[in-house]
Amino acid sequence: MESLTDTLWDVVICGTGLQQSLLALALSRSDKKVLHIDPNDFYGDAEAAFSLQEVESWVEKVEAGKEGLFRAASVEKPEGDTGLSFPRAYSLALAPQLIHARSTLLSQLVSSRAYRQVEFLAVGSFSIFKPSPDPSQNPTLVRIPSTREDVFSTTAISAKAKRGLMKFLKFVLDYDSTPQTDTWQPHADAPLAEFLLKEFKMDEELQTYIITLTLSLDGKINTRDGLAVIRRHLSSMGMYGPGFAALYPKWGGLSEIAQVSCRASAVGGAVYMLGTGVKMMNDQEDPIVVELTSGDTIKTRKVVRSNEGATDESSINRLVAVVGSSLKSLFESTVEGAPTPAVAIVAFPAGSLSTTAGEASQSPVYLSVHSGDTGECPANQSILYFTTVSEPTSQDLLQRALYSFLAAVAGETVPQCLYKLQYKQLRSSLQSQPNGLIFDFAPPASSLAFDDSTLQSVHDAWKMVLGDDAVEEEYLTFTDREGAMDDDEIYD
């Protein structure tokens with residue numbers, strides 16, 4: 001066997017984020033010589049999931065400026081007996097994203113047989129936070145009706161509003177056909193809220209329901225994009241079972257898919273080196289000469305890496321909280337035969353929260369609630385992932401959102417917050433692109449739902465690496481390896 005330095009590698013993949021890991025999966029049956037490195041000692045990069053001990057090490061790296069897309073990370077936990085379990089009982093995702101059932105990612109995991117190693121869980125209800133007009137009363141959560149059955153059964157909206165909502169749901173399922181296109185295309189770049197008011201006479205409350213389903217971080221999504229996202233949500237409903245439109249990978253979300261992809265690549269012959277990055281690279285030569293931080297100097301035909309050129313001009317604030325309650329009422333099946341959901345989504349519309357100084361929120365806050373079934377915490381606890389666009393008051397608003405939510409779900413007692421992690425994640429408008437023998441992936445998206453456009457760059461990088469050897473019909477389409485589990489042993 002050739003040594004690391006004697007081998008002429010076909011490609012060096014830098015980083016184990018989702019895009020790099022899916023590329024490694026795509027190359028796993030190609031007989032190419034793949035060296036996959038990561039300066040981190042963990043998989044997943046910006047989409048990683050951490051134990052509590054790993055969180056604190058990561059926070060130190062962020063504060064030292066060693067985690068490029070992240071800023072202002074801090075941990076807060078009570079003194080003494082906190083109620084927390086041991087550190088590895090937790091797996092906190094840095095960037096949790098739900099995956100709609102119609103996502104191409106799922107079909108590619110199926111065709112590549114990688115899905116056998118991932119357990120997917122149902123994402124259940126989408127709800128709206130409603131503050132109480134009476135300060136002596138707790139706020140409430142109102143479930144968003146997103147199917148015909150939901151609309152008919154809900155008591156949260158009037159009969160007239162139900163008719164308007166049903167009209168819209170029927171329209172959006174066929175929005176890209178005539179005559180529907182004649183209705184919305186003149187408003188394609190206008191805010192979706194304006195379109196809903198003008199064409200469907202929806203009041204502000206109904207507009208909020210619809211816009212929440214888009215998971216738009218600033219709430220200002222345009223009509224073209226908004227209709228596409230809502231149609232994806234509605235058409236995903238029931239695809240893998242009744243009562244849910246989206247899925248979430250157990251044990252840490254996209255981080256789990258990244259690790260599964262890397263394992264498949266390793267089985268295919270790729271060499272992995274965690275804790276190893278690029279120290280210097282001479283890309284003016286062919287093959288490219290790369291000096292690794294391990295001290296090794298290698299040669300490779302191609303390099304694929306992630307471009308982390310993001311700035312503070314566009315960012316989001318996140319708050320992750322561990323609470324000492326299973327929040328069981330949020331994870332109930334509402335449709336006969338539906339699986340028990342492990343994730344619930346709650347939206348705090350703009351204006352529904354106030355800062356400690358009394359300023360109303362200008363952007364929505366989204367909350368993804370994860371039960372112990374996700375494997376991210378013990379069964380008697382829950383993980384709360386809050387996200388909002390960065391503004392001067394964002395950190396304060398996320399704290400207010402946390403305690404407002406706990407008040408809304410309080411029974412006889414208010415659930416206790418056991419642990420908090422806060423940080424800022426930078427966003428970027430950079431696009432993935434080839435540059436000679438190097439392919440740069442764009443920084444990962446900060447959206448709350450997985451964006452299939454991410455997959456195109458993976459495909460482009462695969463074609464660059466394989467060149468004339470690329471066969472489209474073989475892209476992420478594999479037969480079972482000898483000894484793979486039978487179909488009846490696949491995870492549900």
# chains A, B, ... in the order shown; residues from 1 in each chain; ligands from 1
call {"tool": "closest_atom_pairs", "arguments": {"of": "region 86-140 of chain A", "to": "region 249-263 of chain A", "cutoff": "6 Å", "atoms": "only C-alpha atoms", "output": "JSON lines"}}
result
{"residue": "A:Ser91", "atom": "CA", "partner": "A:Gly252", "partner_atom": "CA", "distance": 6.0}
{"residue": "A:Ala93", "atom": "CA", "partner": "A:Gly252", "partner_atom": "CA", "distance": 5.3}
{"residue": "A:Pro96", "atom": "CA", "partner": "A:Gly253", "partner_atom": "CA", "distance": 5.9}
{"residue": "A:Glu119", "atom": "CA", "partner": "A:Lys250", "partner_atom": "CA", "distance": 5.6}
{"residue": "A:Phe120", "atom": "CA", "partner": "A:Pro249", "partner_atom": "CA", "distance": 4.5}
call {"tool": "residues_around", "arguments": {"residues": "region 269-283 of chain A", "least_positions_apart": "3", "cutoff": "10 Å", "atoms": "only C-alpha atoms", "output": "PDB file with N, CA, C and O atoms, in the first residue's frame"}}
result
ATOM      1  N   LEU A   4       0.895   7.913   2.437  1.00  0.00           N
ATOM      2  CA  LEU A   4       0.129   9.137   2.216  1.00  0.00           C
ATOM      3  C   LEU A   4       0.839  10.071   1.245  1.00  0.00           C
ATOM      4  O   LEU A   4       0.229  10.639   0.331  1.00  0.00           O
ATOM      5  N   VAL A  12      -8.505  15.845  -2.939  1.00  0.00           N
ATOM      6  CA  VAL A  12      -8.477  16.085  -1.499  1.00  0.00           C
ATOM      7  C   VAL A  12      -9.718  16.902  -1.167  1.00  0.00           C
ATOM      8  O   VAL A  12      -9.925  17.994  -1.720  1.00  0.00           O
ATOM      9  N   ILE A  13     -10.554  16.375  -0.300  1.00  0.00           N
ATOM     10  CA  ILE A  13     -11.764  17.074   0.146  1.00  0.00           C
ATOM     11  C   ILE A  13     -11.467  17.665   1.519  1.00  0.00           C
ATOM     12  O   ILE A  13     -11.088  16.936   2.444  1.00  0.00           O
ATOM     13  N   CYS A  14     -11.629  18.959   1.645  1.00  0.00           N
ATOM     14  CA  CYS A  14     -11.332  19.660   2.895  1.00  0.00           C
ATOM     15  C   CYS A  14     -12.628  19.995   3.618  1.00  0.00           C
ATOM     16  O   CYS A  14     -13.448  20.751   3.101  1.00  0.00           O
ATOM     17  N   GLY A  15     -12.803  19.443   4.806  1.00  0.00           N
ATOM     18  CA  GLY A  15     -14.007  19.697   5.595  1.00  0.00           C
ATOM     19  C   GLY A  15     -14.997  18.559   5.487  1.00  0.00           C
ATOM     20  O   GLY A  15     -15.113  17.908   4.441  1.00  0.00           O
ATOM     21  N   THR A  16     -15.733  18.318   6.577  1.00  0.00           N
ATOM     22  CA  THR A  16     -16.733  17.242   6.594  1.00  0.00           C
ATOM     23  C   THR A  16     -18.142  17.793   6.803  1.00  0.00           C
ATOM     24  O   THR A  16     -18.984  17.161   7.432  1.00  0.00           O
ATOM     25  N   ALA A  24     -18.209  13.035  -0.973  1.00  0.00           N
ATOM     26  CA  ALA A  24     -17.470  11.818  -0.646  1.00  0.00           C
ATOM     27  C   ALA A  24     -18.331  10.584  -0.881  1.00  0.00           C
ATOM     28  O   ALA A  24     -17.860   9.564  -1.402  1.00  0.00           O
ATOM     29  N   LEU A  25     -19.608  10.662  -0.507  1.00  0.00           N
ATOM     30  CA  LEU A  25     -20.532   9.557  -0.755  1.00  0.00           C
ATOM     31  C   LEU A  25     -20.664   9.301  -2.252  1.00  0.00           C
ATOM     32  O   LEU A  25     -20.630   8.154  -2.709  1.00  0.00           O
ATOM     33  N   LEU A  27     -18.579   9.792  -4.551  1.00  0.00           N
ATOM     34  CA  LEU A  27     -17.335   9.243  -5.104  1.00  0.00           C
ATOM     35  C   LEU A  27     -16.993   7.869  -4.541  1.00  0.00           C
ATOM     36  O   LEU A  27     -15.993   7.266  -4.938  1.00  0.00           O
ATOM     37  N   SER A  28     -17.825   7.368  -3.630  1.00  0.00           N
ATOM     38  CA  SER A  28     -17.461   6.164  -2.878  1.00  0.00           C
ATOM     39  C   SER A  28     -17.404   4.899  -3.726  1.00  0.00           C
ATOM     40  O   SER A  28     -16.803   3.907  -3.311  1.00  0.00           O
ATOM     41  N   ARG A  29     -18.014   4.897  -4.909  1.00  0.00           N
ATOM     42  CA  ARG A  29     -17.950   3.715  -5.790  1.00  0.00           C
ATOM     43  C   ARG A  29     -17.159   4.007  -7.068  1.00  0.00           C
ATOM     44  O   ARG A  29     -17.287   3.287  -8.050  1.00  0.00           O
ATOM     45  N   SER A  30     -16.360   5.051  -7.069  1.00  0.00           N
ATOM     46  CA  SER A  30     -15.726   5.510  -8.301  1.00  0.00           C
ATOM     47  C   SER A  30     -14.309   4.976  -8.523  1.00  0.00           C
ATOM     48  O   SER A  30     -13.726   5.180  -9.591  1.00  0.00           O
ATOM     49  N   ASP A  31     -13.744   4.323  -7.517  1.00  0.00           N
ATOM     50  CA  ASP A  31     -12.355   3.849  -7.567  1.00  0.00           C
ATOM     51  C   ASP A  31     -11.349   4.996  -7.613  1.00  0.00           C
ATOM     52  O   ASP A  31     -10.177   4.785  -7.923  1.00  0.00           O
ATOM     53  N   LYS A  32     -11.791   6.205  -7.337  1.00  0.00           N
ATOM     54  CA  LYS A  32     -10.871   7.329  -7.251  1.00  0.00           C
ATOM     55  C   LYS A  32     -10.170   7.321  -5.893  1.00  0.00           C
ATOM     56  O   LYS A  32     -10.723   6.832  -4.895  1.00  0.00           O
ATOM     57  N   LYS A  33      -8.970   7.867  -5.866  1.00  0.00           N
ATOM     58  CA  LYS A  33      -8.219   7.959  -4.620  1.00  0.00           C
ATOM     59  C   LYS A  33      -8.602   9.261  -3.922  1.00  0.00           C
ATOM     60  O   LYS A  33      -8.261  10.349  -4.386  1.00  0.00           O
ATOM     61  N   VAL A  34      -9.324   9.113  -2.815  1.00  0.00           N
ATOM     62  CA  VAL A  34      -9.906  10.256  -2.109  1.00  0.00           C
ATOM     63  C   VAL A  34      -9.254  10.395  -0.736  1.00  0.00           C
ATOM     64  O   VAL A  34      -9.233   9.452   0.053  1.00  0.00           O
ATOM     65  N   LEU A  35      -8.718  11.579  -0.478  1.00  0.00           N
ATOM     66  CA  LEU A  35      -8.236  11.924   0.864  1.00  0.00           C
ATOM     67  C   LEU A  35      -9.181  12.971   1.427  1.00  0.00           C
ATOM     68  O   LEU A  35      -9.352  14.039   0.851  1.00  0.00           O
ATOM     69  N   HIS A  36      -9.808  12.655   2.552  1.00  0.00           N
ATOM     70  CA  HIS A  36     -10.810  13.542   3.150  1.00  0.00           C
ATOM     71  C   HIS A  36     -10.266  14.017   4.492  1.00  0.00           C
ATOM     72  O   HIS A  36     -10.067  13.219   5.410  1.00  0.00           O
ATOM     73  N   ILE A  37     -10.025  15.320   4.597  1.00  0.00           N
ATOM     74  CA  ILE A  37      -9.419  15.871   5.808  1.00  0.00           C
ATOM     75  C   ILE A  37     -10.344  16.912   6.442  1.00  0.00           C
ATOM     76  O   ILE A  37     -11.251  17.429   5.792  1.00  0.00           O
ATOM     77  N   ASP A  38     -10.109  17.184   7.708  1.00  0.00           N
ATOM     78  CA  ASP A  38     -10.873  18.216   8.410  1.00  0.00           C
ATOM     79  C   ASP A  38     -10.012  18.745   9.545  1.00  0.00           C
ATOM     80  O   ASP A  38      -9.503  17.952  10.347  1.00  0.00           O
ATOM     81  N   PRO A  39      -9.820  20.065   9.617  1.00  0.00           N
ATOM     82  CA  PRO A  39      -9.017  20.606  10.718  1.00  0.00           C
ATOM     83  C   PRO A  39      -9.671  20.390  12.075  1.00  0.00           C
ATOM     84  O   PRO A  39      -8.984  20.448  13.114  1.00  0.00           O
ATOM     85  N   ASN A  40     -10.961  20.154  12.091  1.00  0.00           N
ATOM     86  CA  ASN A  40     -11.661  19.870  13.346  1.00  0.00           C
ATOM     87  C   ASN A  40     -11.456  18.413  13.746  1.00  0.00           C
ATOM     88  O   ASN A  40     -11.143  17.555  12.912  1.00  0.00           O
ATOM     89  N   ASP A  41     -11.699  18.123  15.028  1.00  0.00           N
ATOM     90  CA  ASP A  41     -11.625  16.741  15.487  1.00  0.00           C
ATOM     91  C   ASP A  41     -13.016  16.123  15.569  1.00  0.00           C
ATOM     92  O   ASP A  41     -13.249  15.157  16.285  1.00  0.00           O
ATOM     93  N   PHE A  42     -13.961  16.701  14.823  1.00  0.00           N
ATOM     94  CA  PHE A  42     -15.327  16.187  14.780  1.00  0.00           C
ATOM     95  C   PHE A  42     -15.851  16.287  13.348  1.00  0.00           C
ATOM     96  O   PHE A  42     -15.332  17.041  12.532  1.00  0.00           O
ATOM     97  N   TYR A  43     -16.900  15.502  13.052  1.00  0.00           N
ATOM     98  CA  TYR A  43     -17.537  15.543  11.741  1.00  0.00           C
ATOM     99  C   TYR A  43     -18.642  16.596  11.723  1.00  0.00           C
ATOM    100  O   TYR A  43     -19.234  16.913  12.753  1.00  0.00           O
ATOM    101  N   CYS A 262     -19.722   9.895   5.194  1.00  0.00           N
ATOM    102  CA  CYS A 262     -18.277   9.685   5.345  1.00  0.00           C
ATOM    103  C   CYS A 262     -17.957   8.220   5.617  1.00  0.00           C
ATOM    104  O   CYS A 262     -16.947   7.688   5.107  1.00  0.00           O
ATOM    105  N   ARG A 263     -18.785   7.545   6.392  1.00  0.00           N
ATOM    106  CA  ARG A 263     -18.550   6.122   6.642  1.00  0.00           C
ATOM    107  C   ARG A 263     -18.640   5.324   5.349  1.00  0.00           C
ATOM    108  O   ARG A 263     -17.837   4.423   5.089  1.00  0.00           O
ATOM    109  N   ALA A 264     -19.643   5.650   4.517  1.00  0.00           N
ATOM    110  CA  ALA A 264     -19.782   4.954   3.231  1.00  0.00           C
ATOM    111  C   ALA A 264     -18.571   5.209   2.349  1.00  0.00           C
ATOM    112  O   ALA A 264     -18.097   4.312   1.643  1.00  0.00           O
ATOM    113  N   SER A 265     -18.056   6.433   2.385  1.00  0.00           N
ATOM    114  CA  SER A 265     -16.866   6.768   1.603  1.00  0.00           C
ATOM    115  C   SER A 265     -15.653   5.996   2.099  1.00  0.00           C
ATOM    116  O   SER A 265     -14.839   5.513   1.301  1.00  0.00           O
ATOM    117  N   ALA A 266     -15.523   5.874   3.418  1.00  0.00           N
ATOM    118  CA  ALA A 266     -14.407   5.122   3.985  1.00  0.00           C
ATOM    119  C   ALA A 266     -14.479   3.654   3.590  1.00  0.00           C
ATOM    120  O   ALA A 266     -13.448   3.031   3.272  1.00  0.00           O
ATOM    121  N   ASP A 286       0.484  21.279 -11.478  1.00  0.00           N
ATOM    122  CA  ASP A 286      -0.424  20.171 -11.763  1.00  0.00           C
ATOM    123  C   ASP A 286       0.412  18.897 -11.780  1.00  0.00           C
ATOM    124  O   ASP A 286       1.227  18.708 -12.671  1.00  0.00           O
ATOM    125  N   PRO A 287       0.288  18.026 -10.762  1.00  0.00           N
ATOM    126  CA  PRO A 287      -0.718  18.067  -9.702  1.00  0.00           C
ATOM    127  C   PRO A 287      -0.450  19.148  -8.645  1.00  0.00           C
ATOM    128  O   PRO A 287       0.656  19.670  -8.541  1.00  0.00           O
ATOM    129  N   ILE A 288      -1.508  19.459  -7.891  1.00  0.00           N
ATOM    130  CA  ILE A 288      -1.432  20.455  -6.825  1.00  0.00           C
ATOM    131  C   ILE A 288      -0.614  19.900  -5.667  1.00  0.00           C
ATOM    132  O   ILE A 288      -0.762  18.728  -5.284  1.00  0.00           O
ATOM    133  N   VAL A 289       0.252  20.719  -5.118  1.00  0.00           N
ATOM    134  CA  VAL A 289       1.050  20.322  -3.958  1.00  0.00           C
ATOM    135  C   VAL A 289       0.421  20.932  -2.703  1.00  0.00           C
ATOM    136  O   VAL A 289       0.184  22.144  -2.633  1.00  0.00           O
ATOM    137  N   VAL A 290       0.137  20.081  -1.728  1.00  0.00           N
ATOM    138  CA  VAL A 290      -0.542  20.512  -0.508  1.00  0.00           C
ATOM    139  C   VAL A 290       0.296  20.128   0.705  1.00  0.00           C
ATOM    140  O   VAL A 290       0.667  18.954   0.867  1.00  0.00           O
ATOM    141  N   GLU A 291       0.599  21.104   1.545  1.00  0.00           N
ATOM    142  CA  GLU A 291       1.249  20.823   2.818  1.00  0.00           C
ATOM    143  C   GLU A 291       0.179  20.806   3.904  1.00  0.00           C
ATOM    144  O   GLU A 291      -0.548  21.781   4.100  1.00  0.00           O
ATOM    145  N   LEU A 292       0.072  19.675   4.587  1.00  0.00           N
ATOM    146  CA  LEU A 292      -0.941  19.508   5.618  1.00  0.00           C
ATOM    147  C   LEU A 292      -0.415  19.975   6.979  1.00  0.00           C
ATOM    148  O   LEU A 292       0.803  20.034   7.204  1.00  0.00           O
ATOM    149  N   THR A 293      -1.332  20.277   7.874  1.00  0.00           N
ATOM    150  CA  THR A 293      -0.927  20.698   9.224  1.00  0.00           C
ATOM    151  C   THR A 293      -0.291  19.555   9.995  1.00  0.00           C
ATOM    152  O   THR A 293       0.360  19.779  11.024  1.00  0.00           O
ATOM    153  N   SER A 294      -0.447  18.330   9.505  1.00  0.00           N
ATOM    154  CA  SER A 294       0.196  17.169  10.129  1.00  0.00           C
ATOM    155  C   SER A 294       1.679  17.115   9.818  1.00  0.00           C
ATOM    156  O   SER A 294       2.416  16.307  10.399  1.00  0.00           O
ATOM    157  N   GLY A 295       2.131  17.956   8.867  1.00  0.00           N
ATOM    158  CA  GLY A 295       3.524  17.949   8.450  1.00  0.00           C
ATOM    159  C   GLY A 295       3.764  17.201   7.155  1.00  0.00           C
ATOM    160  O   GLY A 295       4.846  17.283   6.565  1.00  0.00           O
ATOM    161  N   ASP A 296       2.746  16.456   6.678  1.00  0.00           N
ATOM    162  CA  ASP A 296       2.869  15.709   5.431  1.00  0.00           C
ATOM    163  C   ASP A 296       2.681  16.638   4.233  1.00  0.00           C
ATOM    164  O   ASP A 296       1.866  17.570   4.273  1.00  0.00           O
ATOM    165  N   THR A 297       3.403  16.365   3.145  1.00  0.00           N
ATOM    166  CA  THR A 297       3.215  17.077   1.882  1.00  0.00           C
ATOM    167  C   THR A 297       2.718  16.072   0.847  1.00  0.00           C
ATOM    168  O   THR A 297       3.353  15.025   0.638  1.00  0.00           O
ATOM    169  N   ILE A 298       1.592  16.367   0.241  1.00  0.00           N
ATOM    170  CA  ILE A 298       0.952  15.426  -0.674  1.00  0.00           C
ATOM    171  C   ILE A 298       0.727  16.081  -2.026  1.00  0.00           C
ATOM    172  O   ILE A 298       0.835  17.306  -2.182  1.00  0.00           O
ATOM    173  N   LYS A 299       0.372  15.252  -3.014  1.00  0.00           N
ATOM    174  CA  LYS A 299       0.038  15.737  -4.348  1.00  0.00           C
ATOM    175  C   LYS A 299      -1.355  15.238  -4.727  1.00  0.00           C
ATOM    176  O   LYS A 299      -1.708  14.089  -4.434  1.00  0.00           O
ATOM    177  N   THR A 300      -2.116  16.105  -5.363  1.00  0.00           N
ATOM    178  CA  THR A 300      -3.482  15.753  -5.734  1.00  0.00           C
ATOM    179  C   THR A 300      -3.874  16.417  -7.045  1.00  0.00           C
ATOM    180  O   THR A 300      -3.401  17.518  -7.368  1.00  0.00           O
ATOM    181  N   ARG A 301      -4.746  15.744  -7.789  1.00  0.00           N
ATOM    182  CA  ARG A 301      -5.209  16.303  -9.057  1.00  0.00           C
ATOM    183  C   ARG A 301      -6.236  17.416  -8.839  1.00  0.00           C
ATOM    184  O   ARG A 301      -6.297  18.382  -9.593  1.00  0.00           O
ATOM    185  N   LYS A 302      -7.078  17.268  -7.809  1.00  0.00           N
ATOM    186  CA  LYS A 302      -8.142  18.247  -7.554  1.00  0.00           C
ATOM    187  C   LYS A 302      -8.255  18.504  -6.052  1.00  0.00           C
ATOM    188  O   LYS A 302      -7.886  17.648  -5.228  1.00  0.00           O
ATOM    189  N   VAL A 303      -8.794  19.666  -5.705  1.00  0.00           N
ATOM    190  CA  VAL A 303      -9.078  20.006  -4.306  1.00  0.00           C
ATOM    191  C   VAL A 303     -10.508  20.542  -4.247  1.00  0.00           C
ATOM    192  O   VAL A 303     -10.915  21.356  -5.077  1.00  0.00           O
ATOM    193  N   GLY A 436     -10.342  26.541 -11.717  1.00  0.00           N
ATOM    194  CA  GLY A 436      -9.260  25.695 -12.191  1.00  0.00           C
ATOM    195  C   GLY A 436      -9.398  24.289 -11.659  1.00  0.00           C
ATOM    196  O   GLY A 436     -10.399  23.613 -11.898  1.00  0.00           O
ATOM    197  N   LEU A 437      -8.407  23.829 -10.892  1.00  0.00           N
ATOM    198  CA  LEU A 437      -8.418  22.477 -10.327  1.00  0.00           C
ATOM    199  C   LEU A 437      -9.029  22.450  -8.927  1.00  0.00           C
ATOM    200  O   LEU A 437      -8.989  21.422  -8.254  1.00  0.00           O
ATOM    201  N   ILE A 438      -9.584  23.580  -8.501  1.00  0.00           N
ATOM    202  CA  ILE A 438     -10.169  23.700  -7.161  1.00  0.00           C
ATOM    203  C   ILE A 438     -11.670  23.991  -7.281  1.00  0.00           C
ATOM    204  O   ILE A 438     -12.087  24.766  -8.144  1.00  0.00           O
TER     205      ILE A 438
END
call {"tool": "select_by_dssp", "arguments": {"residues": "region 209-363 of chain A", "states": "strand (DSSP E)", "output": "ChimeraX atom specification"}}
result
/A:246-249,271-274,278-282,288-292,297-306,311-323,343-348
call {"tool": "residues_around", "arguments": {"residues": "Pro131 (chain A)", "least_positions_apart": "3", "cutoff": "8 Å", "atoms": "only C-alpha atoms", "output": "list in words"}}
result
Asn138, Pro139, Thr140, Ser352 and Leu353 of chain A
call {"tool": "write_last_selection", "arguments": {"atoms": "N, CA, C and O atoms", "output": "PDB file, in the first residue's frame"}}
result
ATOM      1  N   ASN A 138     -51.563  33.507  30.786  1.00  0.00           N
ATOM      2  CA  ASN A 138     -50.413  33.012  30.034  1.00  0.00           C
ATOM      3  C   ASN A 138     -50.652  33.146  28.532  1.00  0.00           C
ATOM      4  O   ASN A 138     -51.792  33.082  28.062  1.00  0.00           O
ATOM      5  N   PRO A 139     -49.595  33.311  27.750  1.00  0.00           N
ATOM      6  CA  PRO A 139     -49.731  33.271  26.291  1.00  0.00           C
ATOM      7  C   PRO A 139     -50.121  31.871  25.843  1.00  0.00           C
ATOM      8  O   PRO A 139     -50.090  30.917  26.640  1.00  0.00           O
ATOM      9  N   THR A 140     -50.484  31.725  24.585  1.00  0.00           N
ATOM     10  CA  THR A 140     -50.936  30.435  24.068  1.00  0.00           C
ATOM     11  C   THR A 140     -50.215  30.104  22.761  1.00  0.00           C
ATOM     12  O   THR A 140     -49.611  30.959  22.126  1.00  0.00           O
ATOM     13  N   SER A 352     -44.871  40.129  18.194  1.00  0.00           N
ATOM     14  CA  SER A 352     -45.465  39.314  19.274  1.00  0.00           C
ATOM     15  C   SER A 352     -44.590  39.267  20.517  1.00  0.00           C
ATOM     16  O   SER A 352     -45.028  38.809  21.570  1.00  0.00           O
ATOM     17  N   LEU A 353     -43.355  39.737  20.411  1.00  0.00           N
ATOM     18  CA  LEU A 353     -42.441  39.785  21.551  1.00  0.00           C
ATOM     19  C   LEU A 353     -41.978  41.216  21.762  1.00  0.00           C
ATOM     20  O   LEU A 353     -41.970  42.015  20.824  1.00  0.00           O
TER      21      LEU A 353
END
call {"tool": "atom_distance", "arguments": {"atom1": "CA of Ala122 (chain A)", "atom2": "CA of Leu234 (chain A)"}}
result
14.9 Å
call {"tool": "residues_around", "arguments": {"residues": "region 107-115 of chain A", "least_positions_apart": "2", "cutoff": "6 Å", "atoms": "only C-alpha atoms", "output": "list in words"}}
result
Thr104, Leu105, Gln117, Val118, Leu476, Thr477 and Phe478 of chain A
call {"tool": "select_by_dssp", "arguments": {"residues": "region 234-437 of chain A", "states": "alpha helix (DSSP H)", "output": "ChimeraX atom specification"}}
result
/A:234-236,254-267,394-408
call {"tool": "closest_atom_pairs", "arguments": {"of": "region 348-378 of chain A", "to": "region 207-212 of chain A", "cutoff": "10 Å", "atoms": "only C-alpha atoms", "output": "tab-separated table"}}
result
residue	atom	partner	partner_atom	distance
A:Phe348	CA	A:Thr212	CA	9.0
A:Pro349	CA	A:Thr208	CA	7.1
A:Ala350	CA	A:Thr208	CA	9.3
A:Pro364	CA	A:Thr212	CA	8.9
A:Tyr366	CA	A:Thr212	CA	8.8
call {"tool": "write_last_selection", "arguments": {"atoms": "all heavy atoms", "output": "PDB file, in the first residue's frame"}}
result
ATOM      1  N   PHE A 348     -42.888  32.868  16.429  1.00  0.00           N
ATOM      2  CA  PHE A 348     -43.240  34.075  17.167  1.00  0.00           C
ATOM      3  C   PHE A 348     -43.264  35.206  16.132  1.00  0.00           C
ATOM      4  O   PHE A 348     -42.207  35.713  15.747  1.00  0.00           O
ATOM      5  CB  PHE A 348     -42.201  34.383  18.238  1.00  0.00           C
ATOM      6  CG  PHE A 348     -42.047  33.312  19.292  1.00  0.00           C
ATOM      7  CD1 PHE A 348     -41.395  32.118  19.000  1.00  0.00           C
ATOM      8  CD2 PHE A 348     -42.534  33.503  20.576  1.00  0.00           C
ATOM      9  CE1 PHE A 348     -41.235  31.133  19.962  1.00  0.00           C
ATOM     10  CE2 PHE A 348     -42.390  32.522  21.545  1.00  0.00           C
ATOM     11  CZ  PHE A 348     -41.743  31.338  21.237  1.00  0.00           C
ATOM     12  N   PRO A 349     -44.433  35.587  15.632  1.00  0.00           N
ATOM     13  CA  PRO A 349     -44.496  36.593  14.560  1.00  0.00           C
ATOM     14  C   PRO A 349     -43.880  37.922  14.982  1.00  0.00           C
ATOM     15  O   PRO A 349     -43.789  38.239  16.177  1.00  0.00           O
ATOM     16  CB  PRO A 349     -45.999  36.737  14.296  1.00  0.00           C
ATOM     17  CG  PRO A 349     -46.615  35.485  14.835  1.00  0.00           C
ATOM     18  CD  PRO A 349     -45.774  35.098  15.998  1.00  0.00           C
ATOM     19  N   ALA A 350     -43.455  38.703  14.015  1.00  0.00           N
ATOM     20  CA  ALA A 350     -42.964  40.048  14.296  1.00  0.00           C
ATOM     21  C   ALA A 350     -44.014  40.806  15.097  1.00  0.00           C
ATOM     22  O   ALA A 350     -45.208  40.751  14.799  1.00  0.00           O
ATOM     23  CB  ALA A 350     -42.666  40.776  12.989  1.00  0.00           C
ATOM     24  N   PRO A 364     -39.628  37.847  12.804  1.00  0.00           N
ATOM     25  CA  PRO A 364     -40.118  36.676  13.527  1.00  0.00           C
ATOM     26  C   PRO A 364     -38.989  35.933  14.229  1.00  0.00           C
ATOM     27  O   PRO A 364     -37.814  36.061  13.863  1.00  0.00           O
ATOM     28  CB  PRO A 364     -40.743  35.807  12.420  1.00  0.00           C
ATOM     29  CG  PRO A 364     -40.104  36.257  11.160  1.00  0.00           C
ATOM     30  CD  PRO A 364     -39.769  37.699  11.343  1.00  0.00           C
ATOM     31  N   TYR A 366     -38.190  31.912  15.262  1.00  0.00           N
ATOM     32  CA  TYR A 366     -38.645  30.538  15.058  1.00  0.00           C
ATOM     33  C   TYR A 366     -38.056  29.638  16.129  1.00  0.00           C
ATOM     34  O   TYR A 366     -36.908  29.804  16.549  1.00  0.00           O
ATOM     35  CB  TYR A 366     -38.236  30.027  13.678  1.00  0.00           C
ATOM     36  CG  TYR A 366     -39.079  30.579  12.558  1.00  0.00           C
ATOM     37  CD1 TYR A 366     -38.677  31.701  11.858  1.00  0.00           C
ATOM     38  CD2 TYR A 366     -40.296  29.982  12.217  1.00  0.00           C
ATOM     39  CE1 TYR A 366     -39.448  32.216  10.825  1.00  0.00           C
ATOM     40  CE2 TYR A 366     -41.077  30.492  11.189  1.00  0.00           C
ATOM     41  CZ  TYR A 366     -40.645  31.604  10.496  1.00  0.00           C
ATOM     42  OH  TYR A 366     -41.415  32.113   9.483  1.00  0.00           O
TER      43      TYR A 366
END
call {"tool": "atom_distance", "arguments": {"atom1": "CA of Ala408 (chain A)", "atom2": "CA of Leu98 (chain A)"}}
result
23.4 Å
call {"tool": "closest_residue", "arguments": {"among": "A:Val62, A:Leu197, A:Leu22, A:Ala442", "to": "Ser306 (chain A)", "atoms": "only C-alpha atoms"}}
result
A:Ala442
call {"tool": "atom_distance", "arguments": {"atom1": "CA of Gln399 (chain A)", "atom2": "CA of Leu69 (chain A)"}}
result
22.1 Å
call {"tool": "residues_around", "arguments": {"residues": "Ala190 (chain A)", "least_positions_apart": "4", "cutoff": "10 Å", "atoms": "only C-alpha atoms", "output": "list in words"}}
result
Trp184, Gln185, Pro186, Glu194, Phe195, Lys220, Ile221, Asn222, Thr223 and Arg224 of chain A
